[in-house]
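Student: This is the structure I want to talk about, given as structure tokens.
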Amino acid sequence: MASPNLHDEDEKPLDPAVEKVRRKLVRFVAINLGLLFIALMAVLGAVVYKSDIFRSETPVAGNTLVPSPAEGAFLSGEIALPAGAKVVSQSLSGNRISIEVELADGSRAIFLYDFAAHRMIGRFAVTQQ
């Protein structure tokens, strides 16, 4: 078997025109990689800035949560529902409680009560279509 002649393939100086093109290509690649790196850092910076990890939330005036009672005490109050209403379910979210009730006539309704304002803020009838 004939072995290839490796000595003929040793690095020979490139033609000046080819060397010029190679240098332009290397410079082009280096500039594009630098721009890509800068763009990636900008995107990562925006993601970190938008995330809630470093943000300290301050409550907005008028949207405060229900105050926690002092130790040994408890909160009390009254939510007036129509006569004959039976509570089916309830759900608490922030300052508001949603109470689903079955009324005396058998229909259902959802009442929204705001703890901060100490008042009923909504009533929604639940109907079937």
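By order in the structure tokens, chains are A, B, ...; within a chain, residues start at 1; ligands start at 1, following the order shown.
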Could you pull the residues within 12 Å of A:Ile79, counting only C-alpha atoms, minus those fewer than 3 positions along the same chain, as a PDB file with all heavy atoms, in the first residue's frame?
Tutor:
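The result, written out as out.pdb:
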ATOM      1  N   SER A  76     -63.120  40.060  64.864  1.00  0.00           N
ATOM      2  CA  SER A  76     -64.517  39.632  64.805  1.00  0.00           C
ATOM      3  C   SER A  76     -65.296  40.639  63.984  1.00  0.00           C
ATOM      4  O   SER A  76     -64.888  41.788  63.833  1.00  0.00           O
ATOM      5  CB  SER A  76     -65.101  39.501  66.206  1.00  0.00           C
ATOM      6  OG  SER A  76     -65.159  40.767  66.824  1.00  0.00           O
ATOM      7  N   PRO A  82     -78.686  37.168  53.227  1.00  0.00           N
ATOM      8  CA  PRO A  82     -80.147  37.152  53.229  1.00  0.00           C
ATOM      9  C   PRO A  82     -80.692  36.052  54.152  1.00  0.00           C
ATOM     10  O   PRO A  82     -80.031  35.033  54.385  1.00  0.00           O
ATOM     11  CB  PRO A  82     -80.505  36.852  51.771  1.00  0.00           C
ATOM     12  CG  PRO A  82     -79.295  37.192  50.992  1.00  0.00           C
ATOM     13  CD  PRO A  82     -78.136  37.000  51.892  1.00  0.00           C
ATOM     14  N   VAL A  87     -74.526  28.777  53.562  1.00  0.00           N
ATOM     15  CA  VAL A  87     -73.197  28.921  52.965  1.00  0.00           C
ATOM     16  C   VAL A  87     -72.795  27.584  52.347  1.00  0.00           C
ATOM     17  O   VAL A  87     -72.787  26.551  53.015  1.00  0.00           O
ATOM     18  CB  VAL A  87     -72.156  29.373  54.012  1.00  0.00           C
ATOM     19  CG1 VAL A  87     -70.769  29.395  53.402  1.00  0.00           C
ATOM     20  CG2 VAL A  87     -72.523  30.736  54.572  1.00  0.00           C
ATOM     21  N   ILE A  97     -63.305  38.229  50.603  1.00  0.00           N
ATOM     22  CA  ILE A  97     -63.804  36.868  50.767  1.00  0.00           C
ATOM     23  C   ILE A  97     -64.978  36.690  49.808  1.00  0.00           C
ATOM     24  O   ILE A  97     -65.814  37.575  49.646  1.00  0.00           O
ATOM     25  CB  ILE A  97     -64.222  36.572  52.226  1.00  0.00           C
ATOM     26  CG1 ILE A  97     -64.590  35.106  52.371  1.00  0.00           C
ATOM     27  CG2 ILE A  97     -65.332  37.471  52.685  1.00  0.00           C
ATOM     28  CD1 ILE A  97     -64.768  34.654  53.811  1.00  0.00           C
ATOM     29  N   SER A  98     -64.982  35.570  49.148  1.00  0.00           N
ATOM     30  CA  SER A  98     -66.062  35.192  48.253  1.00  0.00           C
ATOM     31  C   SER A  98     -66.868  34.111  48.956  1.00  0.00           C
ATOM     32  O   SER A  98     -66.323  33.085  49.353  1.00  0.00           O
ATOM     33  CB  SER A  98     -65.468  34.666  46.940  1.00  0.00           C
ATOM     34  OG  SER A  98     -66.432  33.960  46.214  1.00  0.00           O
ATOM     35  N   ILE A  99     -68.164  34.341  49.114  1.00  0.00           N
ATOM     36  CA  ILE A  99     -69.032  33.391  49.810  1.00  0.00           C
ATOM     37  C   ILE A  99     -70.103  32.923  48.834  1.00  0.00           C
ATOM     38  O   ILE A  99     -70.899  33.727  48.336  1.00  0.00           O
ATOM     39  CB  ILE A  99     -69.698  34.036  51.040  1.00  0.00           C
ATOM     40  CG1 ILE A  99     -68.639  34.613  51.976  1.00  0.00           C
ATOM     41  CG2 ILE A  99     -70.569  33.028  51.763  1.00  0.00           C
ATOM     42  CD1 ILE A  99     -69.202  35.461  53.088  1.00  0.00           C
ATOM     43  N   PHE A 111     -71.438  36.159  46.971  1.00  0.00           N
ATOM     44  CA  PHE A 111     -71.300  37.473  47.594  1.00  0.00           C
ATOM     45  C   PHE A 111     -69.815  37.763  47.780  1.00  0.00           C
ATOM     46  O   PHE A 111     -69.049  36.892  48.197  1.00  0.00           O
ATOM     47  CB  PHE A 111     -71.992  37.500  48.959  1.00  0.00           C
ATOM     48  CG  PHE A 111     -73.483  37.416  48.876  1.00  0.00           C
ATOM     49  CD1 PHE A 111     -74.126  36.195  48.909  1.00  0.00           C
ATOM     50  CD2 PHE A 111     -74.244  38.570  48.766  1.00  0.00           C
ATOM     51  CE1 PHE A 111     -75.500  36.114  48.831  1.00  0.00           C
ATOM     52  CE2 PHE A 111     -75.627  38.500  48.689  1.00  0.00           C
ATOM     53  CZ  PHE A 111     -76.259  37.266  48.716  1.00  0.00           C
ATOM     54  N   LEU A 112     -69.398  38.997  47.466  1.00  0.00           N
ATOM     55  CA  LEU A 112     -68.022  39.438  47.690  1.00  0.00           C
ATOM     56  C   LEU A 112     -68.016  40.447  48.823  1.00  0.00           C
ATOM     57  O   LEU A 112     -68.739  41.441  48.786  1.00  0.00           O
ATOM     58  CB  LEU A 112     -67.433  40.077  46.438  1.00  0.00           C
ATOM     59  CG  LEU A 112     -67.185  39.140  45.266  1.00  0.00           C
ATOM     60  CD1 LEU A 112     -66.697  39.934  44.063  1.00  0.00           C
ATOM     61  CD2 LEU A 112     -66.180  38.080  45.622  1.00  0.00           C
ATOM     62  N   TYR A 113     -67.191  40.184  49.833  1.00  0.00           N
ATOM     63  CA  TYR A 113     -67.104  41.061  51.001  1.00  0.00           C
ATOM     64  C   TYR A 113     -65.674  41.562  51.122  1.00  0.00           C
ATOM     65  O   TYR A 113     -64.722  40.801  50.995  1.00  0.00           O
ATOM     66  CB  TYR A 113     -67.503  40.296  52.263  1.00  0.00           C
ATOM     67  CG  TYR A 113     -67.517  41.145  53.509  1.00  0.00           C
ATOM     68  CD1 TYR A 113     -68.599  41.955  53.804  1.00  0.00           C
ATOM     69  CD2 TYR A 113     -66.440  41.129  54.393  1.00  0.00           C
ATOM     70  CE1 TYR A 113     -68.616  42.736  54.952  1.00  0.00           C
ATOM     71  CE2 TYR A 113     -66.438  41.912  55.532  1.00  0.00           C
ATOM     72  CZ  TYR A 113     -67.528  42.711  55.806  1.00  0.00           C
ATOM     73  OH  TYR A 113     -67.529  43.478  56.926  1.00  0.00           O
ATOM     74  N   ASP A 114     -65.504  42.865  51.356  1.00  0.00           N
ATOM     75  CA  ASP A 114     -64.191  43.485  51.503  1.00  0.00           C
ATOM     76  C   ASP A 114     -63.935  43.766  52.986  1.00  0.00           C
ATOM     77  O   ASP A 114     -64.653  44.538  53.609  1.00  0.00           O
ATOM     78  CB  ASP A 114     -64.136  44.789  50.700  1.00  0.00           C
ATOM     79  CG  ASP A 114     -62.735  45.371  50.620  1.00  0.00           C
ATOM     80  OD1 ASP A 114     -61.874  45.017  51.453  1.00  0.00           O
ATOM     81  OD2 ASP A 114     -62.497  46.178  49.714  1.00  0.00           O
ATOM     82  N   PHE A 115     -62.902  43.121  53.542  1.00  0.00           N
ATOM     83  CA  PHE A 115     -62.575  43.306  54.961  1.00  0.00           C
ATOM     84  C   PHE A 115     -62.086  44.723  55.254  1.00  0.00           C
ATOM     85  O   PHE A 115     -62.383  45.282  56.297  1.00  0.00           O
ATOM     86  CB  PHE A 115     -61.490  42.320  55.402  1.00  0.00           C
ATOM     87  CG  PHE A 115     -61.976  40.913  55.517  1.00  0.00           C
ATOM     88  CD1 PHE A 115     -61.487  39.934  54.683  1.00  0.00           C
ATOM     89  CD2 PHE A 115     -62.920  40.568  56.464  1.00  0.00           C
ATOM     90  CE1 PHE A 115     -61.922  38.630  54.789  1.00  0.00           C
ATOM     91  CE2 PHE A 115     -63.368  39.269  56.572  1.00  0.00           C
ATOM     92  CZ  PHE A 115     -62.860  38.295  55.732  1.00  0.00           C
ATOM     93  N   HIS A 118     -65.064  46.924  55.141  1.00  0.00           N
ATOM     94  CA  HIS A 118     -66.125  46.419  56.017  1.00  0.00           C
ATOM     95  C   HIS A 118     -67.495  46.522  55.354  1.00  0.00           C
ATOM     96  O   HIS A 118     -68.458  47.005  55.943  1.00  0.00           O
ATOM     97  CB  HIS A 118     -66.145  47.143  57.366  1.00  0.00           C
ATOM     98  CG  HIS A 118     -64.874  47.016  58.122  1.00  0.00           C
ATOM     99  ND1 HIS A 118     -64.460  45.840  58.709  1.00  0.00           N
ATOM    100  CD2 HIS A 118     -63.883  47.916  58.357  1.00  0.00           C
ATOM    101  CE1 HIS A 118     -63.294  46.022  59.280  1.00  0.00           C
ATOM    102  NE2 HIS A 118     -62.908  47.269  59.076  1.00  0.00           N
ATOM    103  N   ARG A 119     -67.566  46.075  54.098  1.00  0.00           N
ATOM    104  CA  ARG A 119     -68.847  46.153  53.391  1.00  0.00           C
ATOM    105  C   ARG A 119     -68.911  45.104  52.286  1.00  0.00           C
ATOM    106  O   ARG A 119     -67.885  44.634  51.798  1.00  0.00           O
ATOM    107  CB  ARG A 119     -69.083  47.539  52.802  1.00  0.00           C
ATOM    108  CG  ARG A 119     -68.119  47.906  51.694  1.00  0.00           C
ATOM    109  CD  ARG A 119     -68.369  49.323  51.171  1.00  0.00           C
ATOM    110  NE  ARG A 119     -67.498  49.611  50.056  1.00  0.00           N
ATOM    111  CZ  ARG A 119     -67.791  49.374  48.784  1.00  0.00           C
ATOM    112  NH1 ARG A 119     -68.953  48.859  48.447  1.00  0.00           N
ATOM    113  NH2 ARG A 119     -66.933  49.670  47.824  1.00  0.00           N
ATOM    114  N   MET A 120     -70.119  44.781  51.898  1.00  0.00           N
ATOM    115  CA  MET A 120     -70.370  43.882  50.780  1.00  0.00           C
ATOM    116  C   MET A 120     -70.113  44.668  49.498  1.00  0.00           C
ATOM    117  O   MET A 120     -70.649  45.766  49.330  1.00  0.00           O
ATOM    118  CB  MET A 120     -71.817  43.389  50.833  1.00  0.00           C
ATOM    119  CG  MET A 120     -72.094  42.195  49.988  1.00  0.00           C
ATOM    120  SD  MET A 120     -71.333  40.666  50.565  1.00  0.00           S
ATOM    121  CE  MET A 120     -72.246  40.352  52.053  1.00  0.00           C
ATOM    122  N   ILE A 121     -69.293  44.133  48.609  1.00  0.00           N
ATOM    123  CA  ILE A 121     -68.962  44.884  47.393  1.00  0.00           C
ATOM    124  C   ILE A 121     -69.555  44.284  46.135  1.00  0.00           C
ATOM    125  O   ILE A 121     -69.463  44.864  45.071  1.00  0.00           O
ATOM    126  CB  ILE A 121     -67.440  45.032  47.227  1.00  0.00           C
ATOM    127  CG1 ILE A 121     -66.767  43.682  47.130  1.00  0.00           C
ATOM    128  CG2 ILE A 121     -66.849  45.880  48.322  1.00  0.00           C
ATOM    129  CD1 ILE A 121     -65.312  43.765  46.736  1.00  0.00           C
TER     130      ILE A 121
END
Student: Rounded to one decimal place, report the atom CA of A:Glu78-atom CA of A:Arg123 distance in Å.
Tutor: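 Atom CA of A:Arg123 lies 16.7 Å from atom CA of A:Glu78.
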Student: State, in Å with one decimal place, the distance from atom CA of A:Ala109 to atom CA of A:Gly94.
Tutor: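 If I compute the distance from atom CA of A:Ala109 to atom CA of A:Gly94, I get 20.9 Å.
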Student: For A:Val101, which residue out of A:Val26, A:Ile38, A:Ala80, A:Leu33 is the nearest one, using only C-alpha atoms?
Tutor: A:Ala80
